[in-house]
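Below: upload.pdb (PDB, C-alpha atoms)
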ATOM      1  CA  MET A   1       0.000   0.000   0.000  1.00  0.00           C
ATOM      2  CA  ILE A   2       1.256   3.450  -0.875  1.00  0.00           C
ATOM      3  CA  THR A   3       2.252   5.564   2.136  1.00  0.00           C
ATOM      4  CA  ALA A   4       2.358   9.199   3.203  1.00  0.00           C
ATOM      5  CA  THR A   5       5.112  10.096   5.646  1.00  0.00           C
ATOM      6  CA  ARG A   6       5.094  13.876   5.560  1.00  0.00           C
ATOM      7  CA  ILE A   7       2.654  16.712   6.280  1.00  0.00           C
ATOM      8  CA  LEU A   8       3.148  19.869   4.225  1.00  0.00           C
ATOM      9  CA  PRO A   9       1.699  22.849   6.142  1.00  0.00           C
ATOM     10  CA  ALA A  10      -0.848  25.057   4.404  1.00  0.00           C
ATOM     11  CA  GLY A  11       0.882  27.763   2.365  1.00  0.00           C
ATOM     12  CA  THR A  12       4.086  25.763   1.839  1.00  0.00           C
ATOM     13  CA  TRP A  13       2.911  23.671  -1.101  1.00  0.00           C
ATOM     14  CA  SER A  14       1.449  24.319  -4.533  1.00  0.00           C
ATOM     15  CA  GLY A  15      -0.120  22.399  -7.365  1.00  0.00           C
ATOM     16  CA  THR A  16      -3.327  20.468  -7.809  1.00  0.00           C
ATOM     17  CA  PRO A  17      -3.996  17.812  -5.146  1.00  0.00           C
ATOM     18  CA  ALA A  18      -4.743  14.290  -6.357  1.00  0.00           C
ATOM     19  CA  ASP A  19      -7.533  13.838  -3.815  1.00  0.00           C
ATOM     20  CA  THR A  20      -9.064  15.295  -0.646  1.00  0.00           C
ATOM     21  CA  LEU A  21      -9.084  13.893   2.872  1.00  0.00           C
ATOM     22  CA  ALA A  22     -12.068  15.306   4.776  1.00  0.00           C
ATOM     23  CA  LEU A  23     -11.857  14.856   8.553  1.00  0.00           C
ATOM     24  CA  GLU A  24     -13.291  16.303  11.764  1.00  0.00           C
ATOM     25  CA  ARG A  25     -10.853  17.602  14.400  1.00  0.00           C
ATOM     26  CA  ASP A  26     -10.707  14.384  16.427  1.00  0.00           C
ATOM     27  CA  ASP A  27      -9.673  12.418  13.343  1.00  0.00           C
ATOM     28  CA  ARG A  28      -6.964  14.870  12.311  1.00  0.00           C
ATOM     29  CA  HIS A  29      -4.659  13.874  15.192  1.00  0.00           C
ATOM     30  CA  ARG A  30      -2.994  10.743  13.909  1.00  0.00           C
ATOM     31  CA  ARG A  31       0.278   8.874  13.554  1.00  0.00           C
ATOM     32  CA  ARG A  32      -0.332   5.656  11.620  1.00  0.00           C
ATOM     33  CA  LEU A  33      -3.636   4.770  10.014  1.00  0.00           C
ATOM     34  CA  VAL A  34      -5.134   3.659   6.713  1.00  0.00           C
ATOM     35  CA  MET A  35      -6.912   6.689   5.251  1.00  0.00           C
ATOM     36  CA  ARG A  36      -9.651   6.806   2.608  1.00  0.00           C
ATOM     37  CA  CYS A  37     -10.136   9.989   0.625  1.00  0.00           C
ATOM     38  CA  VAL A  38     -13.239  11.580  -0.844  1.00  0.00           C
ATOM     39  CA  GLY A  39     -12.183  10.408  -4.326  1.00  0.00           C
ATOM     40  CA  LYS A  40     -11.537   6.852  -3.058  1.00  0.00           C
ATOM     41  CA  THR A  41      -7.736   7.107  -2.888  1.00  0.00           C
ATOM     42  CA  VAL A  42      -6.505   4.783  -0.120  1.00  0.00           C
ATOM     43  CA  PHE A  43      -3.106   5.176   1.540  1.00  0.00           C
ATOM     44  CA  LEU A  44      -1.271   4.466   4.770  1.00  0.00           C
ATOM     45  CA  LEU A  45      -0.451   7.495   6.889  1.00  0.00           C
ATOM     46  CA  ASP A  46       2.847   6.631   8.580  1.00  0.00           C
ATOM     47  CA  LEU A  47       4.313   9.534  10.557  1.00  0.00           C
ATOM     48  CA  LYS A  48       7.234   9.356  12.975  1.00  0.00           C
ATOM     49  CA  GLU A  49       5.025  10.714  15.746  1.00  0.00           C
ATOM     50  CA  ALA A  50       1.410  11.752  16.173  1.00  0.00           C
ATOM     51  CA  ALA A  51       0.623  15.135  14.634  1.00  0.00           C
ATOM     52  CA  VAL A  52      -2.384  17.335  13.974  1.00  0.00           C
ATOM     53  CA  MET A  53      -3.340  17.822  10.333  1.00  0.00           C
ATOM     54  CA  LYS A  54      -4.882  21.263   9.812  1.00  0.00           C
ATOM     55  CA  ASP A  55      -7.242  22.561   7.188  1.00  0.00           C
ATOM     56  CA  GLY A  56      -5.287  23.330   4.009  1.00  0.00           C
ATOM     57  CA  ASP A  57      -2.341  21.064   4.834  1.00  0.00           C
ATOM     58  CA  ALA A  58      -1.264  18.441   2.319  1.00  0.00           C
ATOM     59  CA  LEU A  59      -0.038  14.892   2.773  1.00  0.00           C
ATOM     60  CA  GLU A  60       2.726  13.887   0.382  1.00  0.00           C
ATOM     61  CA  LEU A  61       2.457  10.354  -0.976  1.00  0.00           C
ATOM     62  CA  GLU A  62       5.628   8.441  -1.778  1.00  0.00           C
ATOM     63  CA  ASP A  63       4.912   8.741  -5.524  1.00  0.00           C
ATOM     64  CA  GLY A  64       4.825  12.554  -5.234  1.00  0.00           C
ATOM     65  CA  ARG A  65       1.049  13.041  -5.315  1.00  0.00           C
ATOM     66  CA  LEU A  66      -0.489  15.421  -2.798  1.00  0.00           C
ATOM     67  CA  ILE A  67      -3.602  14.822  -0.705  1.00  0.00           C
ATOM     68  CA  LEU A  68      -5.408  17.947   0.486  1.00  0.00           C
ATOM     69  CA  VAL A  69      -6.532  17.921   4.136  1.00  0.00           C
ATOM     70  CA  GLN A  70      -9.962  19.459   4.546  1.00  0.00           C
ATOM     71  CA  ALA A  71     -11.469  20.162   7.961  1.00  0.00           C
ATOM     72  CA  VAL A  72     -15.077  19.021   8.124  1.00  0.00           C
ATOM     73  CA  PRO A  73     -17.315  21.748   9.630  1.00  0.00           C
ATOM     74  CA  GLU A  74     -18.513  20.996  13.162  1.00  0.00           C
ATOM     75  CA  ARG A  75     -21.146  22.441  15.500  1.00  0.00           C
ATOM     76  CA  LEU A  76     -19.399  25.190  17.445  1.00  0.00           C
ATOM     77  CA  LEU A  77     -20.158  28.169  19.646  1.00  0.00           C
ATOM     78  CA  GLU A  78     -18.652  31.492  18.614  1.00  0.00           C
ATOM     79  CA  ILE A  79     -18.067  33.750  21.602  1.00  0.00           C
ATOM     80  CA  GLN A  80     -17.611  37.514  21.762  1.00  0.00           C
ATOM     81  CA  ALA A  81     -17.371  39.888  24.707  1.00  0.00           C
ATOM     82  CA  ALA A  82     -17.837  43.599  25.355  1.00  0.00           C
ATOM     83  CA  SER A  83     -14.102  44.222  25.805  1.00  0.00           C
ATOM     84  CA  PRO A  84     -10.753  42.411  25.548  1.00  0.00           C
ATOM     85  CA  ALA A  85     -10.675  42.175  29.335  1.00  0.00           C
ATOM     86  CA  GLU A  86     -14.077  40.489  29.370  1.00  0.00           C
ATOM     87  CA  LEU A  87     -12.957  38.066  26.645  1.00  0.00           C
ATOM     88  CA  VAL A  88      -9.923  37.152  28.758  1.00  0.00           C
ATOM     89  CA  ARG A  89     -12.269  36.510  31.677  1.00  0.00           C
ATOM     90  CA  VAL A  90     -14.393  34.224  29.496  1.00  0.00           C
ATOM     91  CA  ALA A  91     -11.277  32.425  28.257  1.00  0.00           C
ATOM     92  CA  TRP A  92     -10.221  31.835  31.868  1.00  0.00           C
ATOM     93  CA  HIS A  93     -13.539  30.161  32.663  1.00  0.00           C
ATOM     94  CA  LEU A  94     -13.221  27.937  29.577  1.00  0.00           C
ATOM     95  CA  GLY A  95      -9.672  26.999  30.499  1.00  0.00           C
ATOM     96  CA  ASN A  96     -10.735  26.272  34.060  1.00  0.00           C
ATOM     97  CA  ARG A  97     -13.081  23.654  32.585  1.00  0.00           C
ATOM     98  CA  HIS A  98     -10.347  22.272  30.290  1.00  0.00           C
ATOM     99  CA  LEU A  99     -12.357  23.061  27.176  1.00  0.00           C
ATOM    100  CA  PRO A 100     -10.394  23.242  23.905  1.00  0.00           C
ATOM    101  CA  ALA A 101     -10.786  26.690  22.361  1.00  0.00           C
ATOM    102  CA  GLN A 102      -9.918  28.311  19.062  1.00  0.00           C
ATOM    103  CA  PHE A 103      -8.779  31.941  19.209  1.00  0.00           C
ATOM    104  CA  LEU A 104      -9.826  34.213  16.334  1.00  0.00           C
ATOM    105  CA  GLY A 105      -8.645  37.642  17.386  1.00  0.00           C
ATOM    106  CA  ASP A 106     -11.664  39.185  19.086  1.00  0.00           C
ATOM    107  CA  ARG A 107     -13.619  35.902  19.143  1.00  0.00           C
ATOM    108  CA  LEU A 108     -13.384  32.418  20.600  1.00  0.00           C
ATOM    109  CA  ARG A 109     -14.821  29.163  19.323  1.00  0.00           C
ATOM    110  CA  ILE A 110     -15.542  26.018  21.292  1.00  0.00           C
ATOM    111  CA  ARG A 111     -17.507  22.855  20.571  1.00  0.00           C
ATOM    112  CA  TYR A 112     -21.244  23.262  20.993  1.00  0.00           C
ATOM    113  CA  ASP A 113     -22.449  22.604  24.543  1.00  0.00           C
ATOM    114  CA  HIS A 114     -25.792  23.983  25.733  1.00  0.00           C
ATOM    115  CA  VAL A 115     -24.706  23.978  29.388  1.00  0.00           C
ATOM    116  CA  ILE A 116     -21.561  25.993  28.605  1.00  0.00           C
ATOM    117  CA  GLU A 117     -23.633  28.245  26.349  1.00  0.00           C
ATOM    118  CA  ASP A 118     -25.859  29.157  29.314  1.00  0.00           C
ATOM    119  CA  MET A 119     -22.804  29.743  31.515  1.00  0.00           C
ATOM    120  CA  LEU A 120     -21.246  32.071  28.932  1.00  0.00           C
ATOM    121  CA  LYS A 121     -24.439  34.080  28.591  1.00  0.00           C
ATOM    122  CA  GLY A 122     -24.496  34.366  32.370  1.00  0.00           C
ATOM    123  CA  LEU A 123     -21.001  35.881  32.164  1.00  0.00           C
ATOM    124  CA  GLY A 124     -22.318  38.520  29.766  1.00  0.00           C
ATOM    125  CA  ALA A 125     -20.790  37.071  26.603  1.00  0.00           C
ATOM    126  CA  THR A 126     -22.466  37.038  23.207  1.00  0.00           C
ATOM    127  CA  VAL A 127     -22.770  33.452  21.992  1.00  0.00           C
ATOM    128  CA  GLU A 128     -23.770  32.292  18.515  1.00  0.00           C
ATOM    129  CA  PRO A 129     -23.959  28.698  17.205  1.00  0.00           C
ATOM    130  CA  VAL A 130     -21.913  28.266  13.995  1.00  0.00           C
ATOM    131  CA  LEU A 131     -20.924  25.461  11.679  1.00  0.00           C
ATOM    132  CA  ALA A 132     -17.199  25.737  10.942  1.00  0.00           C
ATOM    133  CA  ALA A 133     -13.857  23.954  10.935  1.00  0.00           C
ATOM    134  CA  PHE A 134     -12.389  23.544  14.424  1.00  0.00           C
ATOM    135  CA  ASP A 135      -8.665  24.045  15.053  1.00  0.00           C
ATOM    136  CA  PRO A 136      -8.211  24.689  18.800  1.00  0.00           C
ATOM    137  CA  GLU A 137      -5.017  25.894  20.423  1.00  0.00           C
ATOM    138  CA  GLY A 138      -2.319  23.271  20.899  1.00  0.00           C
ATOM    139  CA  GLY A 139      -1.788  23.917  24.604  1.00  0.00           C
ATOM    140  CA  ALA A 140       1.392  24.758  26.475  1.00  0.00           C
ATOM    141  CA  TYR A 141       3.237  21.771  25.040  1.00  0.00           C
ATOM    142  CA  GLY A 142       1.862  21.989  21.537  1.00  0.00           C
ATOM    143  CA  HIS A 143       0.036  18.666  21.515  1.00  0.00           C
ATOM    144  CA  GLY A 144      -3.296  20.151  20.543  1.00  0.00           C
ATOM    145  CA  ASP A 145      -5.241  17.216  21.878  1.00  0.00           C
ATOM    146  CA  VAL A 146      -8.933  17.833  22.194  1.00  0.00           C
ATOM    147  CA  HIS A 147      -9.363  15.578  25.194  1.00  0.00           C
ATOM    148  CA  GLY A 148      -6.925  17.462  27.438  1.00  0.00           C
ATOM    149  CA  HIS A 149      -4.025  15.030  27.058  1.00  0.00           C
ATOM    150  CA  ASP A 150      -1.806  13.806  24.259  1.00  0.00           C
ATOM    151  CA  HIS A 151      -2.641  10.423  22.814  1.00  0.00           C
ATOM    152  CA  HIS A 152      -1.365   8.433  19.883  1.00  0.00           C
ATOM    153  CA  ASP A 153      -4.144   6.685  17.983  1.00  0.00           C
ATOM    154  CA  HIS A 154      -6.586   6.647  20.907  1.00  0.00           C
ATOM    155  CA  GLY A 155      -4.134   7.102  23.741  1.00  0.00           C
ATOM    156  CA  ALA A 156      -4.434   4.937  26.803  1.00  0.00           C
ATOM    157  CA  HIS A 157      -4.088   1.241  26.161  1.00  0.00           C
ATOM    158  CA  GLU A 158      -4.911  -1.381  28.704  1.00  0.00           C
ATOM    159  CA  HIS A 159      -3.563  -4.871  28.332  1.00  0.00           C
ATOM    160  CA  THR A 160      -2.625  -7.868  30.411  1.00  0.00           C
ATOM    161  CA  HIS A 161       0.528  -9.977  30.390  1.00  0.00           C
ATOM    162  CA  GLU A 162       0.362 -13.577  31.541  1.00  0.00           C
ATOM    163  CA  HIS A 163       3.568 -15.101  32.855  1.00  0.00           C
ATOM    164  CA  GLY A 164       2.989 -18.711  33.835  1.00  0.00           C
ATOM    165  CA  PRO A 165       1.024 -18.878  37.052  1.00  0.00           C
ATOM    166  CA  GLU A 166       1.323 -15.146  37.683  1.00  0.00           C
ATOM    167  CA  ARG A 167      -0.741 -12.519  35.988  1.00  0.00           C
ATOM    168  CA  HIS A 168       0.461  -8.916  35.722  1.00  0.00           C
ATOM    169  CA  HIS A 169      -1.968  -6.157  34.837  1.00  0.00           C
ATOM    170  CA  HIS A 170      -0.647  -2.923  33.303  1.00  0.00           C
ATOM    171  CA  ASP A 171      -2.473   0.238  32.356  1.00  0.00           C
ATOM    172  CA  HIS A 172      -0.607   2.548  30.027  1.00  0.00           C
ATOM    173  CA  GLY A 173      -1.730   6.138  30.098  1.00  0.00           C
ATOM    174  CA  GLU A 174      -0.261   9.512  30.780  1.00  0.00           C
ATOM    175  CA  ALA A 175       1.324   9.846  34.204  1.00  0.00           C
ATOM    176  CA  GLY A 176      -0.911   7.177  35.628  1.00  0.00           C
ATOM    177  CA  ALA A 177      -4.144   8.738  34.401  1.00  0.00           C
ATOM    178  CA  HIS A 178      -6.328   6.216  32.625  1.00  0.00           C
ATOM    179  CA  HIS A 179      -8.707   7.528  30.001  1.00  0.00           C
ATOM    180  CA  HIS A 180     -11.126   5.566  27.891  1.00  0.00           C
ATOM    181  CA  HIS A 181     -12.524   7.210  24.767  1.00  0.00           C
ATOM    182  CA  GLU A 182     -15.069   6.046  22.253  1.00  0.00           C
ATOM    183  CA  HIS A 183     -14.813   7.687  18.856  1.00  0.00           C
ATOM    184  CA  ALA A 184     -17.242   7.252  16.015  1.00  0.00           C
ATOM    185  CA  HIS A 185     -15.306   7.092  12.773  1.00  0.00           C
ATOM    186  CA  GLY A 186     -16.356   6.884   9.188  1.00  0.00           C
ATOM    187  CA  ASP A 187     -14.785   4.862   6.397  1.00  0.00           C
ATOM    188  CA  HIS A 188     -11.529   6.751   6.701  1.00  0.00           C
ATOM    189  CA  CYS A 189     -10.791   5.227  10.100  1.00  0.00           C
ATOM    190  CA  GLY A 190     -11.169   1.557   9.376  1.00  0.00           C
ATOM    191  CA  CYS A 191      -7.863   0.098  10.384  1.00  0.00           C
ATOM    192  CA  GLY A 192      -4.143   0.511  10.631  1.00  0.00           C
ATOM    193  CA  HIS A 193      -3.666   1.463  14.260  1.00  0.00           C
ATOM    194  CA  ASP A 194      -0.094   1.104  15.368  1.00  0.00           C
ATOM    195  CA  HIS A 195       0.459   1.030  19.116  1.00  0.00           C
ATOM    196  CA  ALA A 196       4.034   1.258  20.317  1.00  0.00           C
ATOM    197  CA  HIS A 197       4.650   0.978  24.059  1.00  0.00           C
ATOM    198  CA  GLY A 198       7.956   2.214  25.394  1.00  0.00           C
ATOM    199  CA  HIS A 199       7.857   0.001  28.471  1.00  0.00           C
ATOM    200  CA  ASP A 200      10.294  -2.644  29.568  1.00  0.00           C
ATOM    201  CA  HIS A 201       8.927  -5.110  32.108  1.00  0.00           C
ATOM    202  CA  ALA A 202      11.812  -6.423  34.167  1.00  0.00           C
ATOM    203  CA  HIS A 203      11.078  -9.138  36.712  1.00  0.00           C
ATOM    204  CA  GLY A 204      13.548 -10.411  39.282  1.00  0.00           C
ATOM    205  CA  HIS A 205      12.591 -14.050  38.688  1.00  0.00           C
ATOM    206  CA  SER A 206      12.106 -16.200  35.668  1.00  0.00           C
ATOM    207  CA  HIS A 207       8.700 -16.993  34.236  1.00  0.00           C
ATOM    208  CA  LYS A 208       7.592 -19.715  31.925  1.00  0.00           C
ATOM    209  CA  HIS A 209       5.643 -18.017  29.165  1.00  0.00           C
ATOM    210  CA  GLU A 210       2.613 -19.767  27.849  1.00  0.00           C
TER     211      GLU A 210
END

Using C-alpha cells, write down the structure from this file.
Amino acid sequence: MITATRILPAGTWSGTPADTLALERDDRHRRRLVMRCVGKTVFLLDLKEAAVMKDGDALELEDGRLILVQAVPERLLEIQAASPAELVRVAWHLGNRHLPAQFLGDRLRIRYDHVIEDMLKGLGATVEPVLAAFDPEGGAYGHGDVHGHDHHDHGAHEHTHEHGPERHHHDHGEAGAHHHHEHAHGDHCGCGHDHAHGHDHAHGHSHKHE
C-alpha cells in the first residue's frame, strides 16, 4: 500500500492535489492509520510521531502526489465579549473547565455545549452557534489534543501480560491517568492502528511463558 510520511503545512505547497481527505478535528490527530479519501484514494499514513493535520495542509504520498486535508465543519459556539478584558475573563472560565478553544482575534470558538452556552451568557458574553472547521489551540506543550491530554491513535491502552502462574496487569496512560474514549469514525478510520509501548517489564525471577 502506498504511504504518506510527511505533512506539508498550508501555504508551503502548490499544485493540484490528487484527492481530498475530509476529517473532523478528532480524526486529524494521527500517527499511523489507513486513510480513505473523498475520491476513493486509499493510503497508509505513517508519521514518525502523532501530529495534527490542519485545514489546508497536504499529505505527500511516496509517488509525489499530494492529498489535500480538509477540515469538516462541526457544531461550534462562537463567543464575543464587550471588551478584551471580558474576553480574557471568558477564556479563563473555559480553560478552568479544560475546554479546547480556538482563538480568532476578538472571538473564541468552542464545541457546541448547551450547558456551557448558558454559563457564557451568564457571564455577559455574546454566543452564537456556527458550523465551521475547528482548530483549537495546541496547549502549552503543543500537543493540541482535544481531550486534554496527548494520545497516539486513541491514547491509553490497557492490556494484560500472563507469565505462567502469575498474571500482571498494566495500564498505560499519561502519568498514571487512565482515560477511555469512544470515537465514532467513518470509512476513513477503518484500520491501521499502530500502538508502540515504550515500556520494559523487568522481573527479578524467571517466568515460563505460555

(request) Translate the PyMOL selection byres ((chain A and resi 3) around 7), as applied to the file shown, into an explicit residue set as a PyMOL selection string. (result) chain A and resi 1-2+4-5+43-46+61-62

(request) Find the residues around Ile67 in chain A up to 12 Å (all atoms listed in the file counted), leave out those fewer than 4 positions away in its own chain, and share them as an NGL selection string. (result) :A and (3-10 or 13-22 or 35-45 or 53 or 55-63)

(message) Which residues are near range 101-111 of chain A? Cut-off 8 Å, all atoms listed in the file, ignore same chain within fewer than 5 positions. Put them as a ChimeraX atom specification.
(response) /A:74-81,84,87,91,94,134-137

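Take the candidates A:Ala132, A:Ala71, A:Ala82, A:Val90 and check each one against Leu120 in chain A using only C-alpha atoms; the shortest distance goes to A:Val90.
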
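The closest residue to Val72 in chain A, picked from A:Leu131, A:Leu23, A:Val115, A:Val88 and counting all atoms listed in the file, is A:Leu23.
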
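Between CA of Ala51 in chain A and CA of Leu99 in chain A lies a distance of 19.7 Å.
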
(message) Quick check, in Å to one decimal: how far apart do CA of Ala133 in chain A and CA of Glu86 in chain A lie?
(response)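 According to the coordinates, CA of Ala133 in chain A and CA of Glu86 in chain A are separated by 24.8 Å.
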